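Structure data follow from my_file-v2.cif (mmCIF, C-alpha atoms and all ligand atoms):
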data_entry
#
loop_
_atom_site.label_atom_id
_atom_site.label_comp_id
_atom_site.auth_asym_id
_atom_site.auth_seq_id
_atom_site.Cartn_x
_atom_site.Cartn_y
_atom_site.Cartn_z
CA MET A 1 -15.39 -21.66 -27.47
CA ALA A 2 -11.77 -20.65 -28.12
CA THR A 3 -9.29 -20.90 -25.28
CA LEU A 4 -8.96 -17.51 -23.56
CA ARG A 5 -5.50 -16.18 -22.86
CA ASP A 6 -4.62 -13.57 -20.26
CA PHE A 7 -3.00 -10.68 -22.13
CA THR A 8 -1.70 -8.97 -19.00
CA LEU A 9 1.09 -11.45 -18.23
CA LEU A 10 4.10 -9.84 -16.52
CA THR A 11 7.24 -11.29 -14.98
CA PRO A 12 7.29 -10.90 -11.18
CA ARG A 13 9.84 -8.06 -11.33
CA ALA A 14 7.46 -5.99 -13.50
CA GLN A 15 4.34 -6.73 -11.47
CA LEU A 16 2.75 -4.23 -9.12
CA ASP A 17 4.26 -4.57 -5.65
CA ARG A 18 0.92 -4.53 -3.85
CA ALA A 19 2.46 -4.52 -0.35
CA PHE A 20 4.50 -1.39 -1.24
CA TYR A 21 1.42 0.52 -2.43
CA ASP A 22 -0.76 -0.68 0.46
CA LYS A 23 1.84 0.69 2.86
CA LEU A 24 2.11 3.94 0.89
CA ARG A 25 -1.67 4.41 1.01
CA GLU A 26 -1.79 3.61 4.73
CA SER A 27 0.70 6.42 5.40
CA LYS A 28 -1.53 9.05 3.71
CA SER A 29 -2.02 11.06 6.93
CA ARG A 30 1.75 11.68 7.01
CA TYR A 31 2.01 13.10 3.48
CA LYS A 32 3.39 16.64 3.64
CA PRO A 33 1.45 19.24 1.60
CA LEU A 34 3.81 21.11 -0.75
CA ASP A 35 1.58 23.18 -3.03
CA ARG A 36 -2.04 23.89 -3.91
CA PHE A 37 -3.40 25.92 -6.80
CA VAL A 38 -6.60 26.24 -8.81
CA ILE A 39 -6.89 25.92 -12.59
CA PRO A 40 -9.68 28.20 -13.86
CA PRO A 41 -12.21 27.18 -16.53
CA PHE A 42 -10.91 27.09 -20.13
CA GLU A 43 -7.26 26.87 -19.00
CA GLY A 44 -4.48 24.34 -18.38
CA ARG A 45 -1.45 24.21 -16.10
CA GLY A 46 1.84 22.32 -16.14
CA PHE A 47 3.67 21.50 -12.90
CA LEU A 48 6.59 19.45 -11.65
CA VAL A 49 6.17 16.43 -9.42
CA SER A 50 9.38 14.80 -8.18
CA LYS A 51 9.60 11.04 -7.78
CA GLY A 52 8.14 10.04 -4.43
CA GLN A 53 5.71 12.97 -4.48
CA SER A 54 2.04 12.66 -5.36
CA PHE A 55 -0.55 15.00 -6.80
CA ARG A 56 -4.31 15.15 -6.52
CA VAL A 57 -6.76 16.51 -9.07
CA VAL A 58 -9.66 17.82 -6.99
CA GLN A 59 -13.27 18.66 -7.89
CA GLU A 60 -13.00 22.17 -6.51
CA GLU A 61 -16.61 23.31 -6.99
CA GLY A 62 -18.37 20.18 -8.26
CA VAL A 63 -18.34 17.80 -11.21
CA GLN A 64 -15.85 18.80 -13.91
CA ILE A 65 -13.88 16.78 -16.48
CA GLY A 66 -10.10 17.09 -16.27
CA ASP A 67 -7.51 15.72 -18.68
CA VAL A 68 -4.02 14.81 -17.45
CA CYS A 69 -0.77 13.81 -19.14
CA PHE A 70 2.78 12.99 -17.94
CA TRP A 71 6.30 13.42 -19.31
CA ASN A 72 9.76 12.54 -17.96
CA VAL A 73 10.92 16.01 -16.95
CA HIS A 74 14.54 15.18 -17.88
CA ASP A 75 13.68 13.72 -21.31
CA PRO A 76 10.15 14.55 -22.54
CA ARG A 77 10.48 12.04 -25.39
CA GLU A 78 9.48 9.63 -22.63
CA MET A 79 5.80 10.28 -22.04
CA TYR A 80 2.63 8.47 -21.08
CA SER A 81 1.67 5.94 -23.74
CA LEU A 82 -2.03 5.21 -24.07
CA SER A 83 -1.44 2.10 -26.16
CA ARG A 84 1.12 0.45 -23.84
CA THR A 85 -0.98 1.34 -20.79
CA TRP A 86 -4.13 -0.01 -22.43
CA ALA A 87 -2.44 -3.30 -23.30
CA ILE A 88 -1.02 -3.75 -19.78
CA GLU A 89 -3.70 -2.25 -17.56
CA GLY A 90 -6.97 -2.10 -19.51
CA TRP A 91 -8.90 1.00 -20.56
CA ALA A 92 -10.01 2.35 -17.16
CA VAL A 93 -7.91 3.90 -14.38
CA ARG A 94 -8.54 2.57 -10.87
CA VAL A 95 -6.51 2.55 -7.66
CA PHE A 96 -3.25 0.63 -8.44
CA THR A 97 -3.41 1.33 -12.20
CA ARG A 98 0.04 2.29 -13.50
CA LEU A 99 0.47 4.79 -16.37
CA TRP A 100 3.27 3.54 -18.62
CA SER A 101 5.76 4.99 -21.08
CA ASP A 102 6.55 3.35 -24.42
CA VAL A 103 9.75 1.53 -25.43
CA PRO A 104 12.66 1.72 -24.92
CA TRP A 105 11.78 2.75 -21.35
CA LEU A 106 8.54 0.81 -20.89
CA ARG A 107 8.06 1.61 -17.23
CA PRO A 108 5.41 3.16 -14.99
CA LEU A 109 5.57 6.98 -14.87
CA ALA A 110 2.83 7.32 -12.28
CA THR A 111 0.54 5.05 -10.27
CA CYS A 112 -3.02 5.84 -9.18
CA ILE A 113 -3.07 5.57 -5.38
CA GLU A 114 -6.49 7.07 -4.53
CA ASP A 115 -9.87 7.66 -6.15
CA THR A 116 -12.73 8.96 -4.01
CA VAL A 117 -15.43 8.96 -6.70
CA VAL A 118 -18.19 6.44 -5.99
CA THR A 119 -19.72 5.19 -9.24
CA ASP A 120 -23.40 4.18 -9.14
CA PRO A 121 -23.22 0.36 -8.71
CA SER A 122 -26.08 -0.10 -11.20
CA ASP A 123 -23.76 1.42 -13.84
CA SER A 124 -20.98 -1.15 -13.41
CA GLU A 125 -19.86 -0.89 -17.05
CA PHE A 126 -19.14 2.81 -16.59
CA HIS A 127 -15.82 4.18 -15.35
CA HIS A 128 -14.93 7.72 -14.36
CA HIS A 129 -11.25 7.73 -15.30
CA TRP A 130 -10.08 6.19 -18.55
CA LEU A 131 -7.36 6.20 -21.18
CA GLY A 132 -8.23 8.32 -24.17
CA THR A 133 -7.69 11.48 -26.05
CA HIS A 134 -8.74 15.07 -25.45
CA CYS A 135 -11.12 17.46 -27.14
CA ALA A 136 -9.48 19.55 -29.85
CA THR A 137 -10.64 22.75 -31.51
CA GLU A 138 -10.76 21.04 -34.92
CA TRP A 139 -12.66 18.06 -33.50
CA THR A 140 -15.28 20.34 -31.91
CA GLU A 141 -15.65 22.22 -35.21
CA MET A 142 -16.11 18.83 -36.90
CA ARG A 143 -18.82 17.89 -34.40
CA VAL A 144 -20.82 21.08 -34.00
CA GLY A 145 -19.70 23.29 -36.90
CA ILE A 146 -18.30 26.14 -34.81
CA PRO A 147 -14.62 27.06 -35.37
CA GLY A 148 -12.21 28.47 -32.82
CA LEU A 149 -13.74 27.11 -29.60
CA ASN A 150 -11.70 26.37 -26.48
CA SER A 151 -10.42 22.79 -26.15
CA CYS A 152 -8.22 20.64 -23.95
CA HIS A 153 -5.69 20.60 -26.81
CA LEU A 154 -5.20 24.37 -26.50
CA ASN A 155 -5.21 24.12 -22.69
CA PHE A 156 -2.52 21.41 -22.80
CA LEU A 157 -0.47 23.71 -25.04
CA GLN A 158 -0.86 26.54 -22.53
CA ALA A 159 0.27 24.10 -19.79
CA VAL A 160 3.43 22.75 -21.46
CA GLU A 161 4.78 25.74 -23.43
CA PRO A 162 6.35 27.34 -20.29
CA PHE A 163 8.37 24.11 -19.94
CA GLY A 164 9.69 24.21 -23.51
CA LEU A 165 7.33 21.60 -24.95
CA ARG A 166 5.37 22.16 -28.14
CA GLU A 167 2.20 20.96 -29.84
CA GLU A 168 3.96 17.81 -31.15
CA ASN A 169 4.59 16.74 -27.54
CA ILE A 170 0.81 16.59 -26.95
CA ARG A 171 -0.70 13.25 -27.90
CA ASP A 172 -2.95 11.04 -25.78
CA ASN A 173 -3.90 11.51 -22.14
CA VAL A 174 -5.96 10.19 -19.25
CA ASN A 175 -9.50 11.52 -18.86
CA LEU A 176 -10.65 12.19 -15.30
CA PHE A 177 -14.17 12.54 -13.87
CA GLN A 178 -15.62 11.69 -17.28
CA LYS A 179 -18.06 8.82 -16.88
CA MET A 180 -17.92 6.57 -19.94
CA ARG A 181 -18.59 3.00 -21.03
CA PRO A 182 -18.07 0.90 -24.12
CA VAL A 183 -21.41 0.12 -25.78
CA PRO A 184 -21.92 -3.67 -25.94
CA GLY A 185 -21.82 -4.87 -29.53
CA SER A 186 -20.47 -1.76 -31.24
CA GLY A 187 -17.57 -1.12 -28.84
CA LYS A 188 -18.11 2.62 -29.31
CA ILE A 189 -18.04 4.77 -26.19
CA GLN A 190 -20.94 6.49 -24.51
CA ALA A 191 -20.91 9.37 -22.00
CA ALA A 192 -22.99 9.95 -18.88
CA LEU A 193 -23.16 12.64 -16.21
CA SER A 194 -20.56 11.97 -13.53
CA GLU A 195 -21.46 11.24 -9.91
CA SER A 196 -18.34 13.00 -8.65
CA LYS A 197 -18.93 15.65 -6.01
CA GLN A 198 -17.16 18.73 -4.72
CA GLY A 199 -14.06 17.56 -2.85
CA ASP A 200 -13.68 14.27 -4.74
CA TYR A 201 -10.17 13.64 -6.02
CA ILE A 202 -7.94 11.19 -7.84
CA GLU A 203 -4.28 10.92 -6.76
CA PHE A 204 -1.19 9.86 -8.69
CA TYR A 205 2.17 8.85 -7.21
CA ALA A 206 5.20 9.92 -9.27
CA GLU A 207 7.46 6.96 -10.08
CA ILE A 208 10.03 9.26 -11.76
CA ASP A 209 10.52 13.05 -11.90
CA LEU A 210 7.49 14.22 -13.87
CA LEU A 211 6.16 17.17 -15.76
CA ALA A 212 2.40 16.82 -15.40
CA ALA A 213 -0.25 18.85 -17.23
CA VAL A 214 -3.93 19.16 -16.40
CA THR A 215 -6.62 20.89 -18.40
CA VAL A 216 -10.12 22.01 -17.40
CA CYS A 217 -12.25 20.60 -20.20
CA PRO A 218 -14.82 22.90 -21.87
CA ASN A 219 -17.17 19.88 -21.97
CA GLY A 220 -17.79 20.62 -18.27
CA ASP A 221 -19.71 17.82 -16.58
CA ASN A 222 -19.78 15.47 -19.62
CA THR A 223 -23.26 16.46 -20.81
CA ARG A 224 -22.00 18.90 -23.46
CA TYR A 225 -19.86 18.83 -26.61
CA TYR A 226 -18.58 22.33 -25.90
CA SER A 227 -19.32 25.44 -23.86
CA VAL A 228 -18.27 29.06 -23.91
CA PRO A 229 -17.34 31.52 -21.15
CA GLY A 230 -20.38 33.09 -19.47
CA GLU A 231 -22.53 29.94 -19.54
CA ASP A 232 -21.28 28.95 -16.07
CA LEU A 233 -21.06 25.27 -17.04
CA VAL A 234 -17.32 24.77 -16.56
CA ARG A 235 -15.91 24.56 -13.03
CA PRO A 236 -12.32 24.96 -11.83
CA LEU A 237 -10.08 22.07 -10.77
CA ALA A 238 -7.59 22.22 -7.91
CA ILE A 239 -4.16 20.59 -7.88
CA GLU A 240 -2.55 19.54 -4.60
CA ILE A 241 1.03 18.27 -4.47
CA TYR A 242 2.32 16.20 -1.55
CA ASP A 243 5.61 14.72 -0.41
CA THR A 244 4.71 11.15 0.53
CA GLY A 245 8.10 10.60 2.20
CA VAL A 246 8.31 7.27 0.34
CA GLN A 247 10.75 6.81 -2.54
CA PRO A 248 9.61 4.59 -5.42
CA ARG A 249 11.13 1.17 -5.86
CA ASP A 250 13.57 0.65 -8.74
CA PHE A 251 12.00 -0.60 -11.93
CA PRO A 252 13.89 -3.01 -14.25
CA ARG A 253 15.71 -1.76 -17.34
CA TRP A 254 15.15 -3.94 -20.39
CA ALA A 255 17.95 -5.33 -22.59
CA ASP A 256 18.92 -2.82 -25.32
CA TRP A 257 19.10 -4.53 -28.73
CA ARG A 258 19.80 -1.28 -30.61
CA PRO A 259 23.64 -1.19 -30.48
CA ALA A 260 23.73 -4.60 -32.21
CA TRP A 261 20.99 -3.83 -34.77
CA LYS A 262 22.01 -4.63 -38.35
CA GLY A 263 18.77 -3.83 -40.16
CA LYS A 264 17.30 -7.27 -39.55
CA TRP A 265 16.60 -9.38 -36.51
CA MET A 266 19.12 -12.15 -35.77
CA PRO A 267 18.93 -14.72 -32.97
CA LEU A 268 21.10 -14.00 -29.94
CA GLU A 269 24.40 -15.90 -29.99
CA SER A 270 24.43 -18.54 -27.31
ZN ZN A 301 -11.68 18.47 -23.17
#

Kindly present the structure from the file in structure tokens form.
Amino acid sequence: MATLRDFTLLTPRAQLDRAFYDKLRESKSRYKPLDRFVIPPFEGRGFLVSKGQSFRVVQEEGVQIGDVCFWNVHDPREMYSLSRTWAIEGWAVRVFTRLWSDVPWLRPLATCIEDTVVTDPSDSEFHHHWLGTHCATEWTEMRVGIPGLNSCHLNFLQAVEPFGLREENIRDNVNLFQKMRPVPGSGKIQAALSESKQGDYIEFYAEIDLLAAVTVCPNGDNTRYYSVPGEDLVRPLAIEIYDTGVQPRDFPRWADWRPAWKGKWMPLES
């Protein structure tokens, strides 16, 4: 058998400071509530979360898929990168998973600090929160042959347009309360009904000043490819924002090779 190599190697200064996050989680009872609002079915909302604040996505009435994405509020070119996060953290989001931006920043934008969903232990290959993409109106038409249906893509657009972002700013995201697993052998993904319950939540700590967007997915509880208003299959999600009272630690800046770039890589002069 070939020698296996850990692909998640990080220098100590880039590693998760476990003691910092343990302390942050232990101080949960002292977080100060700042805001709470409900996102109705078939809609999305954008909201600001300053560094050191956290936000929860809550199952307001019962199981419901939510999609979330993050941007640097001061420079939205810096956004959550599925591919960098996947390579560093793996495909599922658990407590202590960091959501990363791409180069040149390459730093955590947010860190998962709580997840109350209890996954059935007999389904250990399944995860409720994972890195992926969102449903889109074209994709649903491609799957079921019906044009013009609601989708997370449209709901993300509704969420970010008030902040000056456009459709090209919407790429990949994190899927919440959507129980999935990779199928052994094929590697394709398979969906199952979530075990999440009313009141369950996942919480993210803002490492920088963020614009966050959350959509209420028309796939509802993950047993559908789409739904329409009136079927009563899509439930609202609540957003709660807290001041944790704890400022994030500084993250390293990486050496910038761009000013010296001459169209071809050259070794550094010693
Ligand atoms: Zn969706």

**Q.** For segment 185-189 of chain A: contacts at 10 Å, all atoms listed in the file, fewer than 4 positions along chain excluded, given as a VMD selection string
**A.** chain A and resid 126 180 to 181

Q. In Å to one decimal, how far is atom CA of Val49 of chain A from atom CA of Val73 of chain A?
A.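 It comes out at 8.9 Å.
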
Give me the chain A side of the contact with ligand ZN 301 (chain A), cut-off 10 Å, one line per residue showing its nearest atom pair and distance in Å at one decimal, counting all atoms listed in the file, sorted by chain and residue number, as CSV.
residue,atom,partner,partner_atom,distance
A:Phe42,CA,A:ZN301,ZN,9.2
A:Ile65,CA,A:ZN301,ZN,7.2
A:Gly66,CA,A:ZN301,ZN,7.2
A:Asp67,CA,A:ZN301,ZN,6.7
A:Thr133,CA,A:ZN301,ZN,8.5
A:His134,CA,A:ZN301,ZN,5.0
A:Cys135,CA,A:ZN301,ZN,4.1
A:Ala136,CA,A:ZN301,ZN,7.1
A:Thr137,CA,A:ZN301,ZN,9.4
A:Thr140,CA,A:ZN301,ZN,9.6
A:Asn150,CA,A:ZN301,ZN,8.6
A:Ser151,CA,A:ZN301,ZN,5.4
A:Cys152,CA,A:ZN301,ZN,4.2
A:His153,CA,A:ZN301,ZN,7.3
A:Leu154,CA,A:ZN301,ZN,9.4
A:Asn155,CA,A:ZN301,ZN,8.6
A:Phe156,CA,A:ZN301,ZN,9.6
A:Asn175,CA,A:ZN301,ZN,8.5
A:Gln178,CA,A:ZN301,ZN,9.8
A:Thr215,CA,A:ZN301,ZN,7.4
A:Val216,CA,A:ZN301,ZN,6.9
A:Cys217,CA,A:ZN301,ZN,3.7
A:Pro218,CA,A:ZN301,ZN,5.6
A:Asn219,CA,A:ZN301,ZN,5.8
A:Gly220,CA,A:ZN301,ZN,8.1
A:Asn222,CA,A:ZN301,ZN,9.3
A:Tyr225,CA,A:ZN301,ZN,8.9
A:Tyr226,CA,A:ZN301,ZN,8.4

Q: Return the single residue from A:Gln198, A:Gln15, A:Ser50, A:Thr3 that is closest to Phe96 of chain A, with distances computed using all atoms listed in the file.
A: A:Gln15

Q.
I need the residue nearest Thr8 of chain A from this list: A:Gly62, A:Leu24, A:Ser54, A:Ala87. Use all atoms listed in the file for the distance.
A.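 Closest candidate: A:Ala87.
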
Q: For each of A:Ser81, A:Asn173, A:Gln64, A:Gln158, take the minimum atom-to-atom distance to Arg45 of chain A, counting only C-alpha atoms, then give the residue where this is smallest.
A: A:Gln158

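Between atom CA of Arg25 of chain A and atom CA of Pro40 of chain A the interatomic distance comes to 29.2 Å.
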
Q. Is there a way to get, as a ChimeraX atom specification, all residues within 10 Å of the point (-23.3, 24.5, -15.2) in file coordinates, counting all atoms listed in the file?
A. /A:62-64,220-221,223,227,231-235

Q: Counting only C-alpha atoms, write as a list in words all protein and nucleic acid residues lying at most 9 Å from (10.9, -0.1, -23.1) in the file's frame.
A: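 Using only C-alpha atoms, the matching residues come out as Ser101, Asp102, Val103, Pro104, Trp105, Leu106, Arg107, Arg253, Trp254, Ala255 and Asp256 of chain A.
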
Q. Do you know which residues are at most 12 Å from Asn169 of chain A counting all atoms listed in the file, after dropping those on the same chain fewer than 4 positions away, and could you put them as a ChimeraX atom specification?
A. /A:69-72,75-81,153,156-157,159-161,163-165,173,211,213

Q | Given all atoms listed in the file as the counted atoms, nearest of A:Cys112, A:Trp100, A:Glu168, A:Leu48 to His74 of chain A | A |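 Ranked by minimum distance to His74 of chain A, first place goes to A:Leu48.
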
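Atom CA of Leu109 of chain A is found 7.6 Å from atom CA of Leu210 of chain A.
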
Q: Write out as a ChimeraX atom specification the residues lying within 8 Å of Phe55 of chain A, counting only C-alpha atoms and excluding same-chain residues fewer than 4 positions away.
A: /A:49,203-205,239-242

Q: Would you kindly return, as a PyMOL selection string, each protein, DNA or RNA residue with an atom no farther than 12 Å from any atom of segment 117-119 of chain A, considering all atoms listed in the file and excluding same-chain residues fewer than 2 positions away?
A: chain A and resi 57-59+62-63+93-95+114-115+121-129+176-180+192-203
